[in-house]
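Trainee: Got a structure for you, questions after.
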Amino acid sequence: HSGSLPSVGVYFDEQPVTTIGGNLDVHIYDIARIESLSGPQGTLYGASSEAGTIRIITNKPSTAGFEGRVDGEINTVRKGDMGGKAEAMINAPLSGSAALRVSGFYQRDGGYIDNIAGQRCFLPQPGGICMKNTAFVEKNYNDTESYGARAALKVDLNDSWTVTPGVIYQNTKSNGSYGYDPSLGDLNVQHFFPEYRSDKFVQAALTIEGKVGNWDLTYAGAYLDRKTFSSSDYTDYSEAYDSLYSSVGGLAGYFYFNDAAGNTINPTQKVIGSDHFKKLSQELRIASPAENPLRVVAGLFYQRQSNDIHQDYQVANLAPNRSVNGHPGTLWLTQQHRIDKDYAAFGEVSFDVTSTVTLTGGLRAFKYDNSLIGFFGFGRDPAGLFATTPYNAAGSSRTGVAGCFTTSGSRLRPVAGTAAAVLAPASVPGSPCTNLGVWNAGKIDPVKATGDGVTWRFNANWKPTSDVMLYATVSKGFRPGGINRRADVAPYAPDYLINYELGWKTTLAPGLRLNGAVYQQEWKKFQFSYLGANSFTEIHNGPDARIKGVEMDLAYNQGGLALNVAGSYTDAKTTKNLCVIDDPTYACVGAGNMISAPKGIRLPVTPKWKLSGTMRYTGEMGSAKPYGQVNVAYQSSARSDLRTAVYETFSGNVISPAAQLGDLAEYATVNLALGADFERFNLELFVQNLFDERGQVSRFQQCGSCGQRGYIVPINPRTIGLRAGAKF
């Protein structure tokens, strides 16, 4: 909710759907094409296109005639449940100059992770508190259901101007966890509280396209409203801290977890969370005629994003004086409001020096203004003085309410025990007071991160023959800085990526194509997040990194046979030390500091090798076109965490998060499809992940620096299904 912006921008037609909560998971149906533009694309696409841009281009309403399509799928997952989907679209001309296109879908993804029976016990022992998860034991725990619709109206006002309003709605509801605990066996977890998440959004968009003289003018505006709600099991966190605090009576003893009668209670937690994202984006762009040897694209861009953040860490039966003030049963509350604003002016010029040589240069001047305000932390016992209330009690005298602003502008903590200390009104509704903000002449302002600068791109294309194109590119992208939601952690600065690339696109023979590129990227002070104190996510600027790579693809398409082989090699390493405590010299010296990741270590989640191959043959049987396809994909192992040394919570021992989590293992998958396209319908039988590989997407823990159980997020197990569709 309050982390870095995504590094890959996603556009839905002309409108960005990149949000501060991550990119929208837009259902792909009735799509003309998907464009993948390698990064940085900071000149034309802005802040969140540091690593590239993906453009989802829909099929537009057409006045050519009425048409429609229906598609369906049913599938089954090995060791899991049934799934499927239904999709439909219609295109209806309304007149000679207007048409409406509507599509809708419903999809269910069957679960494959089981929540198995178990028990957890907590100190003090003997006679400690034990709990079972009997009420939540369930096979195929992680099912997902989604549905939505999209509509677009295209109106040709005249021969030069077209207006296209559109709206998209989508609702996704998921249950369970998509990570499994390998210590419990294959695809098993052991959780003790309800787990679910809903994510629904609606976006209204307007595109106006026309001509001013012979120049093309485009306006693209959109308004997005997105709401998420979730419940998460946090028992692993309690288990880990219960062990770490064993010398002081466990978690319940350390935090004084009591009910209103003073009895020790079960210390386990669940997290209730919600986010309310809003986004307004507007872009005005003008382009000169494409047939001219000198071509210009220029424009202005503005967007405003906001998020209302709510994270409620609940302990059942927690006494009111141990709870966050005004929230009985809440151990920790995050209640904050975030606003991100972006302004930009951009331009790009292309010039055909000769019939075979084209030079392109572009600039984007940007400004960002990001802010965060609100509350985070524990409550404070209103009846206790700081001298007598235990500093480590759930009703804390050191963090949370104790750090809130009073009406005098000071923090509550320094004026402990004085009756005159009155808390200033809360800045964010639902919070007891404000401890994340800046006091300014009788009011509390948000904490801000602002900045401006210029990104650029220069490219040269040379076509020595009609079958060969060579290019050279140097480009710069960026991500804005922002505010950590914990007041005692400094804001993080923007990071920048500079890419140097040489590439080629060639046709070697009829139907045979070879493309490739070599590149080097310099990633300056990359934004790096991890679970810090209290397992609270912190975002810092890491050291610089250098990424060297080469990628190639070879394709053959002739006589019904289509072959494609692609591969990439990526050498991504830091060029300076990562320190436990931020150090601008990267020497990592001084009290409490040390090297957390040494210079030259590989970046996480980045395999050295990725390889894929696809073979498809399409035949002719009268009006039918039967086909068969096989796809193979491989990727090598990757680190799951950058850090090799941190201080363990409470004990102060040095541990390695990377070693605790383990590497993401290498894996290969095979997919098969057999089907036929007829004049009006199609049919396909498919198998995904034929050999049921447990490819690993990521690894994670609930508790940072705690040395506790880890989870693996796998790719889908083997899935067998049947697809069918018809058009009319």
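Scheme for the structure tokens: letters A, B, ... for chains in order shown; per-chain residue numbers from 1; ligand numbers from 1 in order shown.
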When you look at Asn140 of chain A with a cut-off of 7 Å (counting only C-alpha atoms), what residues show up, excluding the ones that are within fewer than 2 positions of it in the same chain? I need them as a ChimeraX atom specification.
Mentor: /A:80-81,111-114,138,142-143
Trainee: Write out the residues from the selection above, keeping all heavy atoms, as a PDB file, in the first residue's frame.
Mentor:
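That gives us selection.pdb:
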ATOM      1  N   GLY A  80      -5.815 -31.070  -7.174  1.00  0.00           N
ATOM      2  CA  GLY A  80      -6.627 -29.896  -6.912  1.00  0.00           C
ATOM      3  C   GLY A  80      -8.048 -30.033  -7.383  1.00  0.00           C
ATOM      4  O   GLY A  80      -8.588 -31.130  -7.554  1.00  0.00           O
ATOM      5  N   ASP A  81      -8.637 -28.894  -7.680  1.00  0.00           N
ATOM      6  CA  ASP A  81     -10.064 -28.777  -7.932  1.00  0.00           C
ATOM      7  C   ASP A  81     -10.325 -28.490  -9.410  1.00  0.00           C
ATOM      8  O   ASP A  81      -9.400 -28.246 -10.195  1.00  0.00           O
ATOM      9  CB  ASP A  81     -10.612 -27.644  -7.061  1.00  0.00           C
ATOM     10  CG  ASP A  81     -12.089 -27.793  -6.772  1.00  0.00           C
ATOM     11  OD1 ASP A  81     -12.711 -28.728  -7.314  1.00  0.00           O
ATOM     12  OD2 ASP A  81     -12.629 -26.954  -6.031  1.00  0.00           O
ATOM     13  N   GLY A 111      -8.542 -24.560  -6.610  1.00  0.00           N
ATOM     14  CA  GLY A 111      -7.452 -24.572  -5.647  1.00  0.00           C
ATOM     15  C   GLY A 111      -6.651 -25.858  -5.705  1.00  0.00           C
ATOM     16  O   GLY A 111      -7.113 -26.885  -6.207  1.00  0.00           O
ATOM     17  N   TYR A 112      -5.452 -25.826  -5.139  1.00  0.00           N
ATOM     18  CA  TYR A 112      -4.582 -27.003  -5.129  1.00  0.00           C
ATOM     19  C   TYR A 112      -3.700 -27.061  -3.883  1.00  0.00           C
ATOM     20  O   TYR A 112      -2.876 -27.963  -3.745  1.00  0.00           O
ATOM     21  CB  TYR A 112      -3.709 -27.040  -6.384  1.00  0.00           C
ATOM     22  CG  TYR A 112      -3.011 -25.735  -6.687  1.00  0.00           C
ATOM     23  CD1 TYR A 112      -1.817 -25.397  -6.055  1.00  0.00           C
ATOM     24  CD2 TYR A 112      -3.559 -24.832  -7.590  1.00  0.00           C
ATOM     25  CE1 TYR A 112      -1.196 -24.190  -6.323  1.00  0.00           C
ATOM     26  CE2 TYR A 112      -2.929 -23.626  -7.865  1.00  0.00           C
ATOM     27  CZ  TYR A 112      -1.751 -23.318  -7.232  1.00  0.00           C
ATOM     28  OH  TYR A 112      -1.130 -22.124  -7.495  1.00  0.00           O
ATOM     29  N   ILE A 113      -3.855 -26.121  -2.963  1.00  0.00           N
ATOM     30  CA  ILE A 113      -3.111 -26.140  -1.711  1.00  0.00           C
ATOM     31  C   ILE A 113      -4.081 -26.512  -0.587  1.00  0.00           C
ATOM     32  O   ILE A 113      -5.181 -25.962  -0.496  1.00  0.00           O
ATOM     33  CB  ILE A 113      -2.446 -24.782  -1.441  1.00  0.00           C
ATOM     34  CG1 ILE A 113      -1.320 -24.556  -2.452  1.00  0.00           C
ATOM     35  CG2 ILE A 113      -1.904 -24.699  -0.014  1.00  0.00           C
ATOM     36  CD1 ILE A 113      -0.621 -23.219  -2.326  1.00  0.00           C
ATOM     37  N   ASP A 114      -3.676 -27.458   0.264  1.00  0.00           N
ATOM     38  CA  ASP A 114      -4.533 -27.949   1.340  1.00  0.00           C
ATOM     39  C   ASP A 114      -4.127 -27.330   2.671  1.00  0.00           C
ATOM     40  O   ASP A 114      -2.926 -27.247   2.994  1.00  0.00           O
ATOM     41  CB  ASP A 114      -4.426 -29.474   1.465  1.00  0.00           C
ATOM     42  CG  ASP A 114      -4.869 -30.198   0.202  1.00  0.00           C
ATOM     43  OD1 ASP A 114      -5.639 -29.610  -0.580  1.00  0.00           O
ATOM     44  OD2 ASP A 114      -4.435 -31.355   0.011  1.00  0.00           O
ATOM     45  N   GLU A 138      -9.170 -27.636   5.208  1.00  0.00           N
ATOM     46  CA  GLU A 138      -9.879 -27.663   3.917  1.00  0.00           C
ATOM     47  C   GLU A 138      -8.925 -28.090   2.812  1.00  0.00           C
ATOM     48  O   GLU A 138      -7.773 -27.658   2.770  1.00  0.00           O
ATOM     49  CB  GLU A 138     -10.444 -26.277   3.608  1.00  0.00           C
ATOM     50  CG  GLU A 138     -11.253 -26.201   2.328  1.00  0.00           C
ATOM     51  CD  GLU A 138     -11.776 -24.804   2.055  1.00  0.00           C
ATOM     52  OE1 GLU A 138     -11.697 -23.948   2.959  1.00  0.00           O
ATOM     53  OE2 GLU A 138     -12.242 -24.551   0.924  1.00  0.00           O
ATOM     54  N   ASN A 142      -7.070 -22.755  -1.930  1.00  0.00           N
ATOM     55  CA  ASN A 142      -6.753 -21.468  -2.579  1.00  0.00           C
ATOM     56  C   ASN A 142      -7.480 -21.281  -3.904  1.00  0.00           C
ATOM     57  O   ASN A 142      -6.862 -21.017  -4.932  1.00  0.00           O
ATOM     58  CB  ASN A 142      -5.235 -21.356  -2.798  1.00  0.00           C
ATOM     59  CG  ASN A 142      -4.696 -22.445  -3.708  1.00  0.00           C
ATOM     60  OD1 ASN A 142      -5.116 -23.596  -3.627  1.00  0.00           O
ATOM     61  ND2 ASN A 142      -3.775 -22.089  -4.581  1.00  0.00           N
ATOM     62  N   ASP A 143      -8.785 -21.364  -3.891  1.00  0.00           N
ATOM     63  CA  ASP A 143      -9.539 -21.125  -5.117  1.00  0.00           C
ATOM     64  C   ASP A 143      -9.754 -19.631  -5.333  1.00  0.00           C
ATOM     65  O   ASP A 143      -9.731 -18.835  -4.399  1.00  0.00           O
ATOM     66  CB  ASP A 143     -10.887 -21.841  -5.063  1.00  0.00           C
ATOM     67  CG  ASP A 143     -11.745 -21.354  -3.899  1.00  0.00           C
ATOM     68  OD1 ASP A 143     -11.387 -21.646  -2.748  1.00  0.00           O
ATOM     69  OD2 ASP A 143     -12.742 -20.646  -4.134  1.00  0.00           O
TER      70      ASP A 143
END
Trainee: Write down as JSON, numbers by chain the residues of segment 508-569 of chain A whose backbone DSSP state falls under strand (DSSP E).
Mentor: {"A": [508, 509, 512, 513, 514, 515, 516, 517, 518, 519, 520, 521, 522, 523, 524, 527, 528, 529, 530, 531, 537, 538, 539, 540, 541, 545, 546, 547, 548, 549, 550, 551, 552, 553, 554, 555, 556, 557, 558, 561, 562, 563, 564, 565, 566, 567, 568, 569]}
Trainee: Assign secondary structure with DSSP using the backbone only, and return the residues of segment 89-274 of chain A in alpha helix (DSSP H) as a VMD selection string.
Mentor: chain A and resid 235 to 244 250 to 255
Trainee: Give me, please, the distance in Å between atom CA of Tyr141 of chain A and atom CA of Asn115 of chain A, quoted to one decimal.
Mentor: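 We find that atom CA of Tyr141 of chain A and atom CA of Asn115 of chain A lie 6.1 Å from each other.
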Trainee: Neighbouring residues of segment 227-243 of chain A were defined as those with any atom within 6 Å, considering only C-alpha atoms; residues of the same chain fewer than 6 positions away were excluded. Please report them as number ranges by chain.
Mentor: A: 193, 195-200, 250-251, 268-276, 702-703, 708
Trainee: A:Ser568, A:Asn175, A:Gln190, A:Gln314: which is nearest Ala135 of chain A, counting only C-alpha atoms?
Mentor: A:Gln190
Trainee: Would you please work out which residue, of A:Pro432, A:Gly176, A:Pro93, A:Pro714, is nearest to Phe192 of chain A when using only C-alpha atoms?
Mentor: A:Gly176
Trainee: Just want the 9 Å neighbourhood of Leu497 of chain A, counted on only C-alpha atoms, with same-chain residues fewer than 2 positions away dropped. Output as a list of chain:residue names.
Mentor: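 Counting only C-alpha atoms, the residues come to A:Gly39, A:Pro40, A:Glu50, A:Ala51, A:Ser475, A:Lys476, A:Gly477, A:Phe478, A:Arg479, A:Asp495, A:Asn499, A:Gln521, A:Glu522, A:Trp523, A:Lys524, A:Phe526.
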Trainee: With a distance cut-off of 9 Å and only C-alpha atoms, select the neighbouring residues of segment 438-445 of chain A, excluding the residue or stretch itself and same-chain residues fewer than 3 positions from it, and output the selection as a list of chain:residue names.
Mentor: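 My reading of the contact set: A:Ile373, A:Phe405, A:Thr407, A:Ser408, A:Gly409, A:Ser410, A:Ala424, A:Ser427, A:Thr434, A:Asn435, A:Lys448.
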Trainee: For Lys548 of chain A, please output as a list in words all residues within 8 Å (counting only C-alpha atoms; exclusion window: fewer than 4 positions along the same chain).
Mentor: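 My reading of the contact set: Val518, Tyr519, Gln520, Gln521, Thr570, Asp571 and Ala572 of chain A.
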Trainee: Choose the residue, out of A:Gly613, A:Pro6, A:Pro584, A:Gly68, that has the smallest atom-to-atom separation from Met552 of chain A; count only C-alpha atoms.
Mentor: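 Closest to Met552 of chain A, using only C-alpha atoms: A:Gly613.
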Trainee: So which one's closest to Leu685 of chain A, A:Ile74, A:Thr614, A:Arg226, A:Thr450? Using only C-alpha atoms, please.
Mentor: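 Going through A:Ile74, A:Thr614, A:Arg226, A:Thr450 one by one, the smallest distance to Leu685 of chain A is for A:Ile74.
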Trainee: Using only C-alpha atoms, which residue out of A:Gly652, A:Pro607, A:Gly622, A:Gly590 lies closest to Ala638 of chain A?
Mentor: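 Going through A:Gly652, A:Pro607, A:Gly622, A:Gly590 one by one, the smallest distance to Ala638 of chain A is for A:Pro607.
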Trainee: Skipping near chain neighbours, those fewer than 3 positions away, what residues fall within 8 Å of Ser288 of chain A using only C-alpha atoms, listed as a PyMOL selection string?
Mentor: chain A and resi 214-216+292+295-297
Trainee: Got time to write the residues from that selection, N, CA and C atoms, as a CSV table (one decimal), in the first residue's frame?
Mentor:
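result_39.csv, freshly written:
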chain,number,residue,atom,x,y,z
A,214,ASN,N,-2.9,18.6,-40.7
A,214,ASN,CA,-2.5,17.2,-40.9
A,214,ASN,C,-1.8,16.6,-39.8
A,215,TRP,N,-1.9,17.2,-38.6
A,215,TRP,CA,-1.3,16.6,-37.4
A,215,TRP,C,-2.3,15.9,-36.6
A,216,ASP,N,-1.9,14.7,-36.0
A,216,ASP,CA,-2.8,13.9,-35.1
A,216,ASP,C,-2.8,14.4,-33.7
A,292,ASN,N,6.2,11.9,-43.1
A,292,ASN,CA,7.3,13.0,-43.3
A,292,ASN,C,8.6,12.4,-42.8
A,295,ARG,N,9.7,13.7,-38.0
A,295,ARG,CA,8.4,13.4,-37.3
A,295,ARG,C,8.6,13.8,-35.8
A,296,VAL,N,7.5,14.3,-35.3
A,296,VAL,CA,7.5,14.8,-33.9
A,296,VAL,C,6.3,14.3,-33.2
A,297,VAL,N,6.6,13.8,-31.9
A,297,VAL,CA,5.5,13.5,-31.0
A,297,VAL,C,5.8,14.3,-29.7
Trainee: Of the candidates A:Asn689, A:Ser62, A:Ser466, A:Ser323, which shows the shortest atom-to-atom distance to Leu94 of chain A, using only C-alpha atoms?
Mentor: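 Using only C-alpha atoms, the shortest distance to Leu94 of chain A belongs to A:Ser62.
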Trainee: To one decimal place, how far is atom CA of Thr264 of chain A from atom CA of Arg120 of chain A in Å?
Mentor: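 Going from atom CA of Thr264 of chain A over to atom CA of Arg120 of chain A, I get 16.1 Å.
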